[in-house]
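For reference, the structure is listed below as structure tokens.
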Amino acid sequence: MTNQPIFYTGKGDDGTTTIYGQPERIPKYHPRPEAYGTIDEAQALLGLLRAGTRQPRVKEVLTQVERDLYLMMGQLAVAEHVKLPARPIDQSDVDWVENVTAELGQATTMPTEFILPGDTMTGAYANLARTVIRRAERYVAKLYDEERLSNKAILPYLNRLSSLLFVLTLFEDQLGGIEQPTISKKK
């Protein structure tokens with residue numbers, strides 16, 4: 001075989017993984033890998049949304065969010081005492097998500113009832129990503145509760161991101177020509 005890269009180590013075959021800077025292996029179902037794994041899942045969904053949207057501003061926003069989530073996953077994949085070369089997610093990132101949510105929210109109409117996802121494909125991707133971010137938020141909240149995470153900006157970032165993704169659901173549906181979203185109750 002020629003110098004082919006190897007894309008696996010086999011070390012996780014026993015259901016454990018490592019947190020960089022921590023000597024002992026932990027179960028893959030530990031809240032920390034659950035948190036960064038769920039963020040990874042959401043990031044993949046955001047990639048689908050970014051690939052599907054025709055709005056340059058949405059693409060720009062999603063690219064920044066994906067970069068932020070990449071930083072966040074890195075922070076969650078290392079022990080608390082390890083200092084990464086990349087800057088941590090901080091309050092300025094939370095503020096940015098709030099500002100973008102307000103900006104795009106001004107271009108949407110807030111529904112007066114619960115909506116059903118699926119009026120447009122990109123709106124459905126945004127809504128699915130929102131639900132995955134909410135799951136990641138629950139895992140991160142558990143890390144905070146167990147005092148295993150000290151960066152206090154990650155949880156608010158995820159919380160605000162779920163709101164931004166709700167706004168993006170509405171925004172994408174409206175761009176797709178949906179004047180009235182499908183609501184949850186029968187008429």
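Ordering of the structure tokens sets the chain letters (A, B, ...), residue numbers begin anew at 1 in every chain, and ligands are numbered from 1 in the order given.
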Which polymer residues have any atom within 12 Å of an atom of Pro33 of chain A, counting only C-alpha atoms, with same-chain residues fewer than 4 positions away left out, as a PyMOL selection string?
chain A and resi 15-20+25-29+37-41+73-79+136+139-140+143
Expected file: the selected residues, N, CA and C atoms, as a CSV table (one decimal), in the first residue's frame:
```csv
chain,number,residue,atom,x,y,z
A,15,GLY,N,-15.7,2.1,23.1
A,15,GLY,CA,-16.8,3.0,23.5
A,15,GLY,C,-16.3,4.1,24.4
A,16,THR,N,-14.9,4.4,24.3
A,16,THR,CA,-14.4,5.5,25.1
A,16,THR,C,-13.7,6.5,24.2
A,17,THR,N,-13.4,7.6,24.7
A,17,THR,CA,-12.7,8.7,23.9
A,17,THR,C,-11.8,9.4,24.9
A,18,THR,N,-11.0,10.3,24.3
A,18,THR,CA,-10.1,11.1,25.2
A,18,THR,C,-10.6,12.6,25.1
A,19,ILE,N,-10.3,13.3,26.2
A,19,ILE,CA,-10.4,14.7,26.3
A,19,ILE,C,-9.0,15.2,26.3
A,20,TYR,N,-8.5,16.0,25.4
A,20,TYR,CA,-7.1,16.4,25.3
A,20,TYR,C,-6.7,17.0,26.6
A,25,ARG,N,-9.4,8.0,29.8
A,25,ARG,CA,-10.4,7.9,28.8
A,25,ARG,C,-11.8,8.0,29.4
A,26,ILE,N,-12.7,8.6,28.7
A,26,ILE,CA,-14.1,8.7,29.2
A,26,ILE,C,-15.1,8.0,28.3
A,27,PRO,N,-16.3,7.6,28.7
A,27,PRO,CA,-17.2,7.0,27.8
A,27,PRO,C,-17.7,8.0,26.8
A,28,LYS,N,-18.0,7.6,25.6
A,28,LYS,CA,-18.5,8.5,24.6
A,28,LYS,C,-19.8,9.1,24.9
A,29,TYR,N,-20.5,8.5,25.8
A,29,TYR,CA,-21.8,9.1,26.2
A,29,TYR,C,-21.7,10.1,27.4
A,37,GLY,N,-20.3,16.6,20.2
A,37,GLY,CA,-20.8,15.8,19.1
A,37,GLY,C,-22.1,16.3,18.6
A,38,THR,N,-22.9,16.8,19.5
A,38,THR,CA,-24.2,17.4,19.1
A,38,THR,C,-24.0,18.7,18.4
A,39,ILE,N,-23.0,19.5,18.8
A,39,ILE,CA,-22.7,20.7,18.1
A,39,ILE,C,-22.2,20.4,16.7
A,40,ASP,N,-21.4,19.3,16.6
A,40,ASP,CA,-20.9,18.9,15.3
A,40,ASP,C,-22.1,18.5,14.4
A,41,GLU,N,-23.0,17.8,14.9
A,41,GLU,CA,-24.2,17.5,14.2
A,41,GLU,C,-25.0,18.7,13.7
A,73,MET,N,-16.5,23.6,19.8
A,73,MET,CA,-16.2,22.1,19.8
A,73,MET,C,-14.8,21.9,20.3
A,74,GLY,N,-13.8,22.7,19.9
A,74,GLY,CA,-12.5,22.6,20.3
A,74,GLY,C,-12.4,22.8,21.8
A,75,GLN,N,-13.1,23.8,22.3
A,75,GLN,CA,-13.0,24.2,23.7
A,75,GLN,C,-13.6,23.0,24.6
A,76,LEU,N,-14.7,22.4,24.0
A,76,LEU,CA,-15.3,21.3,24.8
A,76,LEU,C,-14.5,20.0,24.7
A,77,ALA,N,-13.6,19.9,23.7
A,77,ALA,CA,-12.9,18.6,23.6
A,77,ALA,C,-11.5,18.6,24.3
A,78,VAL,N,-11.3,19.7,25.1
A,78,VAL,CA,-10.0,19.7,25.9
A,78,VAL,C,-10.4,19.9,27.4
A,79,ALA,N,-9.4,19.4,28.2
A,79,ALA,CA,-9.6,19.6,29.6
A,79,ALA,C,-9.6,21.1,30.0
A,136,ALA,N,-27.8,20.3,22.2
A,136,ALA,CA,-26.5,20.7,22.6
A,136,ALA,C,-26.5,21.6,23.8
A,139,TYR,N,-26.9,19.6,27.0
A,139,TYR,CA,-25.7,18.9,27.4
A,139,TYR,C,-24.7,19.9,28.0
A,140,VAL,N,-24.6,21.1,27.4
A,140,VAL,CA,-23.7,22.1,28.0
A,140,VAL,C,-24.2,22.5,29.4
A,143,LEU,N,-23.0,20.2,31.9
A,143,LEU,CA,-21.6,20.4,32.2
A,143,LEU,C,-21.5,21.5,33.2
```
Quick one: DSSP helix (DSSP H, G or I) residues in segment 1-169 of chain A, as a PyMOL selection string?
chain A and resi 11-14+31-52+56-76+91-105+121-145+154-169
Excluding Gly123 of chain A and its own-chain neighbours fewer than 6 positions away, which residues fall within 8 Å of it when counting only C-alpha atoms? Please give them as a list in words.
Pro117, Leu168, Thr169, Leu170, Phe171, Glu172 and Asp173 of chain A
For the residues in the current selection, export C-alpha atoms as a PDB file, in the first residue's frame.
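File written: result.pdb
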```pdb
ATOM      1  CA  PRO A 117     -41.655  23.218   9.922  1.00  0.00           C
ATOM      2  CA  LEU A 168     -33.785  32.042   9.887  1.00  0.00           C
ATOM      3  CA  THR A 169     -36.617  29.519   9.561  1.00  0.00           C
ATOM      4  CA  LEU A 170     -39.093  32.378   9.118  1.00  0.00           C
ATOM      5  CA  PHE A 171     -36.689  34.359   6.912  1.00  0.00           C
ATOM      6  CA  GLU A 172     -36.008  31.441   4.559  1.00  0.00           C
ATOM      7  CA  ASP A 173     -39.707  30.556   4.365  1.00  0.00           C
TER       8      ASP A 173
END
```
I'd like the contact shell of Arg50 of chain A - 12 Å cut-off, only C-alpha atoms, skipping same-chain residues fewer than 3 positions apart - returned as a list in words.
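The residues that qualify are Gln43, Ala44, Leu45, Leu46, Gly47, Thr53, Arg54, Gln55, Pro56, Arg57, Val58, Lys59, Glu60, Val61, Leu62, Thr63, Gln64, Val65, Glu66, Met121, Thr122, Gly123, Tyr125, Ala126, Ala129, Leu168 and Glu172 of chain A.
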For the residues in the current selection, export C-alpha atoms as a tab-separated table (two decimals), in the first residue's frame.
```
chain	number	residue	atom	x	y	z
A	43	GLN	CA	-22.84	22.35	12.26
A	44	ALA	CA	-23.42	19.76	9.52
A	45	LEU	CA	-27.06	20.84	9.31
A	46	LEU	CA	-26.00	24.46	9.08
A	47	GLY	CA	-23.81	23.43	6.15
A	53	THR	CA	-29.89	29.32	0.76
A	54	ARG	CA	-29.75	31.84	-2.06
A	55	GLN	CA	-29.24	34.78	0.31
A	56	PRO	CA	-25.63	36.05	0.49
A	57	ARG	CA	-26.25	37.57	3.96
A	58	VAL	CA	-27.53	34.24	5.30
A	59	LYS	CA	-24.48	32.46	3.85
A	60	GLU	CA	-22.21	35.01	5.53
A	61	VAL	CA	-23.98	34.62	8.89
A	62	LEU	CA	-23.93	30.83	8.72
A	63	THR	CA	-20.24	30.77	7.82
A	64	GLN	CA	-19.46	32.79	10.96
A	65	VAL	CA	-21.72	30.59	13.11
A	66	GLU	CA	-20.04	27.45	11.76
A	121	MET	CA	-36.47	23.08	2.43
A	122	THR	CA	-34.06	25.71	3.76
A	123	GLY	CA	-36.53	26.77	6.45
A	125	TYR	CA	-33.04	22.80	7.67
A	126	ALA	CA	-32.88	25.89	9.88
A	129	ALA	CA	-30.57	22.77	13.22
A	168	LEU	CA	-33.78	32.04	9.89
A	172	GLU	CA	-36.01	31.44	4.56
```
Pick out each residue of chain A that DSSP on the backbone tags as strand (DSSP E or B); I need them as a ChimeraX atom specification.
/A:16-17,20,26-27,78,115,183
Can you pull out every residue within 8 Å of Pro111 of chain A, counting only C-alpha atoms, but drop anything in the same chain fewer than 3 positions away, and send it as number ranges by chain?
A: 114-115, 181
Prev. selection, C-alpha atoms, output as a compact mmCIF listing (two decimals), in the first residue's frame:
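Below you can see result-v4.txt, which holds the result:
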```
# COMPACT_ATOMS: atom_id res chain seq x y z
CA PHE A 114 -46.89 27.80 16.71
CA ILE A 115 -45.71 26.91 13.22
CA PRO A 181 -46.59 29.70 7.63
```
Measuring atom to atom with only C-alpha atoms, identify which of A:Asp68, A:Pro156, A:Val100, A:Ser162 is nearest to Val132 of chain A.
A:Ser162
Kindly give the distance, in Å, that separates atom CA of Gln22 of chain A and atom CA of Tyr157 of chain A, rounded to a single decimal.
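Atom CA of Tyr157 of chain A lies at a distance of 25.6 Å from atom CA of Gln22 of chain A.
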For atom CA of Asn159 of chain A and atom CA of Ile133 of chain A, quote the distance in Å rounded to one decimal.
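Spanning atom CA of Asn159 of chain A to atom CA of Ile133 of chain A is a straight-line distance of 8.0 Å.
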Provide the atom CA of Arg134 of chain A to atom CA of Tyr36 of chain A distance in Å, to one decimal place.
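Separation of atom CA of Arg134 of chain A and atom CA of Tyr36 of chain A: 12.7 Å.
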Go through segment 117-176 of chain A residue by residue and, counting only C-alpha atoms, keep those with an atom at most 12 Å from segment 80-98 of chain A; for each kept residue give the shortest atom pair and its distance in Å to one decimal, ordered by chain and increasing number, as a tab-separated table.
```
residue	atom	partner	partner_atom	distance
A:Leu143	CA	A:Glu80	CA	11.5
A:Glu147	CA	A:Glu80	CA	10.4
A:Arg148	CA	A:Glu80	CA	7.7
A:Leu149	CA	A:Glu80	CA	6.9
A:Ser150	CA	A:Glu80	CA	7.3
A:Asn151	CA	A:Ile89	CA	7.8
A:Lys152	CA	A:Asp90	CA	7.9
A:Ala153	CA	A:Asp90	CA	5.1
A:Ile154	CA	A:Ile89	CA	6.5
A:Leu155	CA	A:Val94	CA	9.4
A:Pro156	CA	A:Val94	CA	6.6
A:Tyr157	CA	A:Val94	CA	4.9
A:Leu158	CA	A:Val94	CA	8.5
A:Asn159	CA	A:Val94	CA	9.1
A:Arg160	CA	A:Val97	CA	6.4
A:Leu161	CA	A:Val97	CA	6.5
A:Ser162	CA	A:Val97	CA	9.8
A:Ser163	CA	A:Glu98	CA	8.7
A:Leu164	CA	A:Val97	CA	7.0
A:Leu165	CA	A:Val97	CA	10.2
A:Val167	CA	A:Glu98	CA	11.2
```
